>>> print(open('coords_9.txt').read())   # compact mmCIF, C-alpha atoms and all ligand atoms
# COMPACT_ATOMS: atom_id res chain seq x y z
CA MET A 137 8.87 38.71 58.21
CA GLY A 138 9.99 40.14 54.85
CA ALA A 139 11.80 36.92 53.97
CA GLU A 140 8.74 34.91 54.92
CA LEU A 141 6.59 36.99 52.60
CA VAL A 142 8.95 36.50 49.68
CA GLU A 143 8.93 32.76 50.29
CA VAL A 144 5.15 32.67 50.36
CA GLN A 145 4.93 34.61 47.11
CA SER A 146 7.34 32.33 45.32
CA LEU A 147 5.33 29.31 46.47
CA ALA A 148 2.16 30.84 45.07
CA ILE A 149 3.84 31.25 41.71
CA GLN A 150 4.86 27.61 41.71
CA LEU A 151 1.23 26.60 41.78
CA LYS A 152 1.27 27.02 38.03
CA PRO A 153 1.56 23.65 36.32
CA GLN A 154 4.54 23.01 34.14
CA GLN A 155 2.50 21.70 31.27
CA SER A 156 -0.74 22.94 29.81
CA HIS A 157 -3.82 22.19 31.87
CA PRO A 158 -5.26 18.65 31.47
CA ASP A 159 -8.66 20.17 30.62
CA VAL A 160 -7.32 21.44 27.33
CA GLN A 161 -5.62 18.17 26.46
CA LEU A 162 -8.10 15.89 24.83
CA ALA A 163 -5.67 13.12 24.02
CA TYR A 164 -5.21 10.20 26.38
CA ILE A 165 -2.34 10.56 28.83
CA GLY A 166 -1.57 7.62 31.04
CA ARG A 167 1.35 6.77 33.29
CA PHE A 168 3.16 4.13 35.28
CA ALA A 169 4.51 5.23 38.64
CA PRO A 170 6.74 2.66 40.32
CA SER A 171 8.46 3.31 43.64
CA PRO A 172 12.20 2.59 43.50
CA THR A 173 12.10 0.30 46.50
CA GLY A 174 13.46 -2.68 44.59
CA PRO A 175 13.35 -4.26 41.14
CA LEU A 176 10.04 -4.80 39.33
CA HIS A 177 8.35 -8.10 40.20
CA LEU A 178 5.74 -9.88 38.12
CA GLY A 179 2.89 -7.97 39.80
CA SER A 180 4.32 -4.56 39.03
CA LEU A 181 5.14 -5.62 35.48
CA LEU A 182 1.54 -6.75 34.99
CA THR A 183 0.33 -3.30 36.05
CA ALA A 184 2.86 -1.61 33.79
CA LEU A 185 1.78 -3.77 30.85
CA ALA A 186 -1.95 -3.12 31.39
CA SER A 187 -1.39 0.59 31.72
CA PHE A 188 0.85 0.62 28.61
CA LEU A 189 -1.64 -1.38 26.51
CA HIS A 190 -4.58 0.75 27.60
CA ALA A 191 -2.73 3.93 26.61
CA ARG A 192 -1.30 2.64 23.35
CA SER A 193 -4.57 1.06 22.23
CA ARG A 194 -6.05 4.55 22.48
CA GLN A 195 -3.11 6.18 20.67
CA GLY A 196 -2.29 7.78 24.00
CA LYS A 197 0.87 8.87 25.67
CA TRP A 198 2.38 6.67 28.34
CA LEU A 199 4.51 8.50 30.87
CA LEU A 200 6.89 7.14 33.45
CA ARG A 201 7.09 8.60 36.92
CA ILE A 202 9.48 7.48 39.62
CA ASP A 203 7.78 7.78 43.01
CA ASN A 204 10.94 8.39 44.98
CA LEU A 205 9.74 10.65 47.80
CA ASP A 206 9.82 8.02 50.52
CA THR A 207 13.59 8.15 50.76
CA PRO A 208 13.98 5.71 53.67
CA ARG A 209 12.36 3.00 51.50
CA ASN A 210 14.27 3.76 48.30
CA LYS A 211 16.86 1.15 47.33
CA GLU A 212 20.00 2.06 45.51
CA GLY A 213 20.13 0.79 41.96
CA SER A 214 16.35 0.31 41.72
CA ILE A 215 15.75 3.14 39.28
CA THR A 216 18.26 1.83 36.75
CA ASP A 217 16.88 -1.62 37.28
CA ILE A 218 13.26 -0.53 36.67
CA LEU A 219 14.17 1.44 33.53
CA ASN A 220 16.18 -1.47 32.13
CA THR A 221 13.38 -3.95 32.83
CA LEU A 222 10.74 -1.80 31.12
CA ASP A 223 13.09 -1.40 28.19
CA ALA A 224 13.73 -5.15 27.95
CA PHE A 225 9.97 -5.75 27.81
CA GLY A 226 9.47 -3.15 25.06
CA LEU A 227 7.48 -0.90 27.38
CA HIS A 228 8.92 2.35 26.07
CA TRP A 229 7.62 5.50 27.68
CA ASP A 230 7.09 8.96 26.21
CA ASP A 231 8.87 12.14 27.27
CA SER A 232 11.53 12.28 29.93
CA VAL A 233 11.17 10.40 33.20
CA TYR A 234 9.43 12.44 35.92
CA TYR A 235 11.11 12.17 39.32
CA GLN A 236 9.02 13.19 42.30
CA SER A 237 12.14 14.40 44.11
CA GLN A 238 12.41 17.19 41.54
CA HIS A 239 8.96 18.56 42.39
CA ILE A 240 9.15 19.31 46.11
CA GLU A 241 8.39 22.98 45.50
CA ASN A 242 5.23 22.05 43.63
CA TYR A 243 3.95 19.95 46.55
CA GLU A 244 4.76 22.75 48.98
CA GLY A 245 2.89 25.18 46.76
CA PHE A 246 -0.25 23.09 46.71
CA LEU A 247 0.06 22.44 50.44
CA TYR A 248 0.25 26.16 51.01
CA LYS A 249 -2.95 26.58 49.02
CA LEU A 250 -4.76 24.07 51.26
CA GLU A 251 -3.34 25.73 54.37
CA GLN A 252 -4.55 29.12 53.17
CA ASN A 253 -8.04 27.68 52.84
CA GLN A 254 -7.87 26.34 56.41
CA LEU A 255 -8.17 22.80 55.17
CA THR A 256 -5.18 21.44 57.06
CA TYR A 257 -3.86 21.29 60.60
CA ARG A 258 -0.67 20.35 62.37
CA CYS A 259 -0.65 17.10 64.28
CA ASN A 260 2.01 15.98 66.74
CA CYS A 261 0.46 12.66 67.72
CA SER A 262 2.89 9.79 67.64
CA ARG A 263 2.01 6.46 66.10
CA LYS A 264 2.57 4.94 69.54
CA SER A 265 0.11 7.29 71.23
CA LEU A 266 -2.53 6.32 68.68
CA THR A 267 -2.15 2.55 68.94
CA GLY A 268 -4.73 0.89 71.08
CA MET A 269 -6.90 3.99 71.01
CA VAL A 270 -9.39 2.23 68.76
CA SER A 271 -10.84 -1.03 70.03
CA ASP A 272 -11.48 -3.92 67.65
CA ASP A 273 -15.19 -3.93 68.34
CA ASP A 274 -15.59 -0.24 67.65
CA HIS A 275 -17.64 -0.64 64.47
CA GLU A 276 -17.92 3.09 63.89
CA ASN A 277 -14.18 3.27 63.67
CA LYS A 278 -13.22 -0.07 62.21
CA HIS A 279 -10.87 1.56 59.71
CA ASN A 280 -8.59 2.83 62.48
CA ILE A 281 -9.04 6.39 61.39
CA TYR A 282 -7.37 9.27 63.15
CA PRO A 283 -9.74 10.51 65.86
CA GLY A 284 -8.99 14.19 65.20
CA ILE A 285 -7.13 14.85 68.46
CA CYS A 286 -5.11 17.76 67.07
CA ARG A 287 -7.86 19.31 64.94
CA ASN A 288 -8.51 22.11 67.37
CA LYS A 289 -5.09 22.36 68.99
CA SER A 290 -2.69 25.10 68.08
CA ILE A 291 0.61 23.37 67.55
CA THR A 292 3.48 25.71 66.84
CA PRO A 293 5.48 25.24 63.63
CA ASP A 294 8.65 24.47 65.60
CA THR A 295 7.08 21.41 67.27
CA PRO A 296 7.73 18.30 65.16
CA HIS A 297 4.43 17.73 63.41
CA ALA A 298 2.66 16.10 60.50
CA ILE A 299 0.12 17.97 58.38
CA ARG A 300 -3.34 16.47 58.06
CA LEU A 301 -6.21 17.28 55.76
CA LYS A 302 -9.54 18.05 57.40
CA THR A 303 -12.09 15.66 55.94
CA GLU A 304 -15.85 15.86 56.16
CA PRO A 305 -18.27 12.99 56.78
CA CYS A 306 -19.37 13.14 53.15
CA SER A 307 -19.93 10.35 50.70
CA LEU A 308 -17.68 10.21 47.66
CA SER A 309 -18.33 7.94 44.70
CA PHE A 310 -16.53 7.28 41.48
CA HIS A 311 -16.90 4.84 38.65
CA ASP A 312 -13.92 2.60 38.08
CA GLU A 313 -13.76 1.29 34.51
CA LEU A 314 -13.26 -2.27 35.74
CA GLN A 315 -14.36 -2.33 39.37
CA GLY A 316 -17.62 -0.39 38.92
CA LEU A 317 -19.07 2.05 41.41
CA ILE A 318 -16.92 2.68 44.48
CA SER A 319 -18.52 4.72 47.28
CA HIS A 320 -16.79 5.77 50.46
CA ASN A 321 -17.62 7.94 53.40
CA LEU A 322 -14.53 10.11 53.66
CA GLY A 323 -14.84 11.00 57.33
CA LYS A 324 -15.77 7.51 58.50
CA GLN A 325 -13.52 5.42 56.26
CA HIS A 326 -10.48 7.62 55.94
CA GLY A 327 -10.62 10.46 58.45
CA ASP A 328 -8.14 13.32 58.49
CA PHE A 329 -5.33 11.76 56.54
CA ILE A 330 -1.70 12.88 56.40
CA LEU A 331 -0.42 15.10 53.59
CA LYS A 332 3.05 15.66 54.96
CA ARG A 333 4.67 13.32 57.42
CA LYS A 334 6.39 14.29 60.63
CA ASP A 335 9.73 13.49 59.01
CA GLY A 336 8.98 16.16 56.39
CA ILE A 337 8.22 13.69 53.60
CA ILE A 338 5.22 14.46 51.39
CA ALA A 339 2.71 11.62 51.71
CA TYR A 340 1.90 9.47 48.70
CA GLN A 341 -1.82 10.45 48.67
CA PHE A 342 -0.96 14.07 48.24
CA ALA A 343 1.98 13.72 45.88
CA VAL A 344 0.08 11.49 43.46
CA VAL A 345 -2.65 14.10 43.04
CA VAL A 346 -0.17 16.87 42.33
CA ASP A 347 1.91 14.66 40.02
CA ASP A 348 -1.01 13.42 37.95
CA TYR A 349 -2.09 17.01 37.49
CA LEU A 350 1.36 18.33 36.60
CA GLN A 351 1.90 15.52 34.12
CA GLY A 352 -1.52 16.11 32.56
CA VAL A 353 -2.55 12.52 33.30
CA ASN A 354 -6.20 11.93 32.45
CA HIS A 355 -6.26 8.10 32.70
CA VAL A 356 -4.89 6.22 35.68
CA VAL A 357 -4.46 2.47 35.19
CA ARG A 358 -2.91 0.80 38.22
CA GLY A 359 -3.26 -2.10 40.64
CA CYS A 360 -6.32 -2.81 42.79
CA ASP A 361 -4.21 -2.34 45.92
CA LEU A 362 -4.78 1.37 45.36
CA LEU A 363 -8.51 1.17 44.61
CA GLU A 364 -9.54 1.96 48.18
CA GLU A 365 -7.11 4.88 48.28
CA THR A 366 -8.66 6.56 45.27
CA PRO A 367 -11.53 8.35 47.10
CA LYS A 368 -8.94 10.23 49.17
CA GLN A 369 -7.19 11.31 46.00
CA ILE A 370 -10.45 12.46 44.38
CA TYR A 371 -11.34 14.34 47.54
CA LEU A 372 -8.01 16.16 47.37
CA GLN A 373 -8.53 16.92 43.68
CA GLN A 374 -11.86 18.48 44.56
CA LYS A 375 -10.36 20.54 47.38
CA LEU A 376 -7.65 21.80 45.02
CA ALA A 377 -10.09 22.31 42.13
CA LEU A 378 -8.09 19.92 39.94
CA PRO A 379 -9.62 17.64 37.31
CA THR A 380 -10.25 14.00 38.21
CA PRO A 381 -8.77 11.46 35.79
CA ALA A 382 -10.57 8.30 34.70
CA TYR A 383 -9.58 5.29 36.82
CA LEU A 384 -9.14 1.67 35.92
CA HIS A 385 -7.80 -0.69 38.59
CA VAL A 386 -6.46 -4.01 37.36
CA PRO A 387 -6.28 -7.07 39.63
CA VAL A 388 -3.13 -7.66 41.61
CA ILE A 389 -1.28 -10.97 41.45
CA VAL A 390 -1.52 -12.89 44.70
CA ASP A 391 0.54 -15.83 45.91
CA GLN A 392 -0.85 -19.18 47.08
CA HIS A 393 -1.60 -17.65 50.51
CA GLY A 394 -3.63 -14.83 48.94
CA TYR A 395 -0.95 -12.19 49.60
CA LYS A 396 -0.23 -9.60 46.93
CA LEU A 397 3.15 -10.07 45.29
CA SER A 398 5.24 -7.27 46.70
CA LYS A 399 8.70 -6.45 47.89
CA GLN A 400 7.45 -7.12 51.43
CA THR A 401 6.45 -10.67 50.51
CA LEU A 402 9.86 -10.99 48.87
CA ALA A 403 8.50 -11.37 45.35
CA THR A 404 11.38 -12.08 43.03
CA ALA A 405 12.53 -9.66 40.36
CA VAL A 406 11.28 -10.39 36.87
CA ASP A 407 13.71 -12.26 34.72
CA THR A 408 14.63 -10.16 31.70
CA LYS A 409 16.28 -13.07 29.85
CA SER A 410 13.21 -14.29 28.00
CA PRO A 411 10.83 -11.31 27.97
CA ASN A 412 8.62 -12.77 25.21
CA LYS A 413 7.69 -15.78 27.35
CA THR A 414 6.94 -13.62 30.42
CA LEU A 415 4.92 -11.18 28.31
CA PHE A 416 2.91 -14.02 26.82
CA ASP A 417 2.17 -15.36 30.32
CA LEU A 418 1.14 -11.91 31.52
CA LEU A 419 -1.23 -11.53 28.56
CA VAL A 420 -2.81 -14.83 29.58
CA LEU A 421 -3.18 -13.59 33.17
CA LEU A 422 -4.77 -10.40 31.80
CA LYS A 423 -7.29 -12.62 29.96
CA GLN A 424 -6.23 -11.44 26.51
CA ASN A 425 -6.15 -14.97 25.04
CA PRO A 426 -3.03 -14.52 22.92
CA PRO A 427 -2.94 -17.09 20.08
CA ASP A 428 -0.38 -19.90 20.38
CA GLU A 429 1.31 -18.77 17.14
CA LEU A 430 2.66 -15.85 19.13
CA ILE A 431 4.63 -18.08 21.48
CA GLY A 432 8.29 -17.36 20.86
CA THR A 433 7.72 -14.30 18.65
CA LYS A 434 9.65 -11.10 19.21
CA VAL A 435 8.58 -8.78 22.01
CA ASN A 436 7.57 -6.03 19.59
CA GLU A 437 5.41 -8.36 17.57
CA LEU A 438 3.70 -9.64 20.70
CA LEU A 439 3.12 -6.12 21.97
CA GLY A 440 1.80 -5.04 18.58
CA TRP A 441 -0.77 -7.84 18.70
CA ALA A 442 -1.64 -6.99 22.32
CA ILE A 443 -2.18 -3.30 21.55
CA GLY A 444 -4.42 -4.12 18.60
CA ASN A 445 -6.48 -6.60 20.61
CA TRP A 446 -6.47 -5.05 24.09
CA GLN A 447 -9.77 -5.74 25.80
CA PRO A 448 -9.69 -5.40 29.59
CA ASN A 449 -13.36 -6.23 30.18
CA GLY A 450 -12.60 -9.87 30.95
CA LEU A 451 -11.12 -8.56 34.21
CA ALA A 452 -14.28 -6.74 35.28
CA LEU A 453 -14.88 -6.94 39.04
CA CYS A 454 -11.75 -9.04 39.45
CA ARG A 455 -9.43 -7.72 42.14
CA ALA A 456 -6.89 -10.50 42.43
CA ILE A 457 -5.34 -13.13 40.16
CA ASN A 458 -3.78 -16.30 41.53
CA LEU A 459 -0.44 -17.25 40.12
N1 LIG B 501 4.19 4.24 43.46
C1 LIG B 501 3.01 3.50 43.75
C2 LIG B 501 3.37 2.04 43.91
O1 LIG B 501 4.43 1.63 43.46
C3 LIG B 501 1.95 3.59 42.66
C4 LIG B 501 1.32 4.90 42.63
C5 LIG B 501 0.13 5.01 41.67
O2 LIG B 501 0.08 4.32 40.66
O3 LIG B 501 -0.70 5.85 41.96
O4 LIG B 501 2.59 1.31 44.49
>>> encode(input="coords_9.txt", output="structure tokens")
Amino acid sequence: MGAELVEVQSLAIQLKPQQSHPDVQLAYIGRFAPSPTGPLHLGSLLTALASFLHARSRQGKWLLRIDNLDTPRNKEGSITDILNTLDAFGLHWDDSVYYQSQHIENYEGFLYKLEQNQLTYRCNCSRKSLTGMVSDDDHENKHNIYPGICRNKSITPDTPHAIRLKTEPCSLSFHDELQGLISHNLGKQHGDFILKRKDGIIAYQFAVVVDDYLQGVNHVVRGCDLLEETPKQIYLQQKLALPTPAYLHVPVIVDQHGYKLSKQTLATAVDTKSPNKTLFDLLVLLKQNPPDELIGTKVNELLGWAIGNWQPNGLALCRAINL
């Protein structure tokens, strides 16, 4: 009992952020947060470049975070690979690299806060038990949301369980700088989503909220694949009384079949041998219209031009770019 109390107190202390609160930081702070599940492919480099240019064109900081919590998916050597690729493309980050794996106590602290406010519950449903529970013609539940089976159960801590957030059937809207107004019904479109998985791993949705806060991030520029996830993150920010950053979701690169380039679709690693050519091509894809004179110039020169001329509005309402 005594030991438990001490543990709880130390968690409460860890709720303090490591940097000053984002509210008192007026300057732009952006970030790029790759998962070390393989080398960067063209799609992830495009996101990195857009996020870098947006930050630098506003004299902002650009931080690098390695999203390495999902250990079963991490691939050895990826971190070094990602850092080297960013370096080769002149995408130099500020401050030291933030590794999620070094912040477990912070996530636990914030989770404890939600638990104290009765906003979470334990869930021991297996993926298998949930499959088939929702029929295809069930329009009310077309997003395959969790039907709340464990919401009112009392599952003991020693039973293997995930931790879910209780969501309400409320509408949540935000304005994306490129994609416009996004409105979701939390309960209907997302349901009680997982904060901590049954295997003990902190879920992405939860970690990203804590990380952005701890890093003081006030501008999130990332791929459109995460656009529909953003309402969950804003909902969590609200529940934790954390500030909501500005969001800008850039289109993702899709292959000829319309699939997003990803490690799953076996997208190839970017070639670091001629970074200026790749950068030029990416600027074209980002609709920056780089002048032909810049073909073959040094990476730094190209980036300097791109920072000075960065104008993302040509991508408004565009969610995917064909290669
Ligand atoms: N780590 C995530 C990914 O590689 C990105 C997280 C984010 O930008 O919020 O897809």
>>> residues_near_ligand(input="coords_9.txt", ligand="ligand LIG 501 (chain B)", cutoff="7 Å", atoms="all atoms listed in the file", output="PyMOL selection string")
chain A and resi 168-171+203+344+358+362
>>> write_last_selection(input="coords_9.txt", atoms="C-alpha atoms", output="mmCIF file, in the coordinates of the input")
data_model
loop_
_atom_site.group_PDB
_atom_site.id
_atom_site.type_symbol
_atom_site.label_atom_id
_atom_site.label_comp_id
_atom_site.auth_asym_id
_atom_site.auth_seq_id
_atom_site.Cartn_x
_atom_site.Cartn_y
_atom_site.Cartn_z
ATOM 1 C CA PHE A 168 3.160 4.130 35.280
ATOM 2 C CA ALA A 169 4.510 5.230 38.640
ATOM 3 C CA PRO A 170 6.740 2.660 40.320
ATOM 4 C CA SER A 171 8.460 3.310 43.640
ATOM 5 C CA ASP A 203 7.780 7.780 43.010
ATOM 6 C CA VAL A 344 0.080 11.490 43.460
ATOM 7 C CA ARG A 358 -2.910 0.800 38.220
ATOM 8 C CA LEU A 362 -4.780 1.370 45.360
#
>>> closest_residue(input="coords_9.txt", among="A:Ala339, A:Val420, A:Cys360, A:Ala298", to="Ala452 in chain A", atoms="only C-alpha atoms")
A:Cys360
>>> residues_around(input="coords_9.txt", residues="Tyr164 in chain A", least_positions_apart="6", cutoff="9 Å", atoms="all atoms listed in the file", output="count of residues only")
9
>>> atom_distance(input="coords_9.txt", atom1="CA of Leu255 in chain A", atom2="CA of Val356 in chain A")
25.8 Å
>>> residues_near_point(input="coords_9.txt", point="(-7.3, 22.8, 65.9)", cutoff="12 Å", atoms="all atoms listed in the file", output="list in words")
Gln254, Leu255, Thr256, Tyr257, Arg258, Cys259, Asn260, Gly284, Ile285, Cys286, Arg287, Asn288, Lys289, Ser290, Ile291, Thr292, Ile299, Arg300, Leu301 and Lys302 of chain A
>>> atom_distance(input="coords_9.txt", atom1="CA of Leu200 in chain A", atom2="CA of Ser214 in chain A")
14.3 Å
>>> closest_residue(input="coords_9.txt", among="A:Gly359, A:Gly166, A:Pro387, A:Gly323", to="Lys423 in chain A", atoms="all atoms listed in the file")
A:Pro387
>>> closest_residue(input="coords_9.txt", among="A:Gly450, A:Gly179, A:Pro208, A:Pro296", to="Glu313 in chain A", atoms="only C-alpha atoms")
A:Gly450
>>> residues_near_point(input="coords_9.txt", point="(3.2, 11.8, 39.2)", cutoff="8 Å", atoms="only C-alpha atoms", output="ChimeraX atom specification")
/A:167,169,201-203,234-236,343-351
>>> atom_distance(input="coords_9.txt", atom1="CA of Ile443 in chain A", atom2="CA of Ala382 in chain A")
19.4 Å
>>> closest_residue(input="coords_9.txt", among="A:Asn204, A:Val357, A:Leu378, A:Ser232", to="Ser180 in chain A", atoms="only C-alpha atoms")
A:Val357
>>> closest_residue(input="coords_9.txt", among="A:Ala377, A:Ala224, A:Leu317, A:Cys261", to="His297 in chain A", atoms="all atoms listed in the file")
A:Cys261
>>> closest_residue(input="coords_9.txt", among="A:Tyr243, A:Asn220, A:Asp231, A:Arg209", to="Leu376 in chain A", atoms="all atoms listed in the file")
A:Tyr243
>>> residues_around(input="coords_9.txt", residues="Trp446 in chain A", least_positions_apart="2", cutoff="9 Å", atoms="all atoms listed in the file", output="mmCIF file with C-alpha atoms, in the coordinates of the input")
data_model
loop_
_atom_site.group_PDB
_atom_site.id
_atom_site.type_symbol
_atom_site.label_atom_id
_atom_site.label_comp_id
_atom_site.auth_asym_id
_atom_site.auth_seq_id
_atom_site.Cartn_x
_atom_site.Cartn_y
_atom_site.Cartn_z
ATOM 1 C CA ALA A 186 -1.950 -3.120 31.390
ATOM 2 C CA LEU A 189 -1.640 -1.380 26.510
ATOM 3 C CA HIS A 190 -4.580 0.750 27.600
ATOM 4 C CA SER A 193 -4.570 1.060 22.230
ATOM 5 C CA GLN A 424 -6.230 -11.440 26.510
ATOM 6 C CA TRP A 441 -0.770 -7.840 18.700
ATOM 7 C CA ALA A 442 -1.640 -6.990 22.320
ATOM 8 C CA ILE A 443 -2.180 -3.300 21.550
ATOM 9 C CA GLY A 444 -4.420 -4.120 18.600
ATOM 10 C CA PRO A 448 -9.690 -5.400 29.590
#
>>> residues_around(input="coords_9.txt", residues="Tyr371 in chain A", least_positions_apart="3", cutoff="9 Å", atoms="all atoms listed in the file", output="ChimeraX atom specification")
/A:303,308,322,366-368,374-376
>>> residues_around(input="coords_9.txt", residues="Lys211 in chain A", least_positions_apart="4", cutoff="12 Å", atoms="all atoms listed in the file", output="mmCIF file with C-alpha atoms, in the frame of the given file")
data_model
loop_
_atom_site.group_PDB
_atom_site.id
_atom_site.type_symbol
_atom_site.label_atom_id
_atom_site.label_comp_id
_atom_site.auth_asym_id
_atom_site.auth_seq_id
_atom_site.Cartn_x
_atom_site.Cartn_y
_atom_site.Cartn_z
ATOM 1 C CA SER A 171 8.460 3.310 43.640
ATOM 2 C CA PRO A 172 12.200 2.590 43.500
ATOM 3 C CA THR A 173 12.100 0.300 46.500
ATOM 4 C CA GLY A 174 13.460 -2.680 44.590
ATOM 5 C CA PRO A 175 13.350 -4.260 41.140
ATOM 6 C CA ASN A 204 10.940 8.390 44.980
ATOM 7 C CA LEU A 205 9.740 10.650 47.800
ATOM 8 C CA ASP A 206 9.820 8.020 50.520
ATOM 9 C CA THR A 207 13.590 8.150 50.760
ATOM 10 C CA ILE A 215 15.750 3.140 39.280
ATOM 11 C CA THR A 216 18.260 1.830 36.750
ATOM 12 C CA ASP A 217 16.880 -1.620 37.280
ATOM 13 C CA ILE A 218 13.260 -0.530 36.670
ATOM 14 C CA LYS A 399 8.700 -6.450 47.890
#
>>> residues_around(input="coords_9.txt", residues="Val390 in chain A", least_positions_apart="6", cutoff="8 Å", atoms="all atoms listed in the file", output="PyMOL selection string")
chain A and resi 396-397+456-459
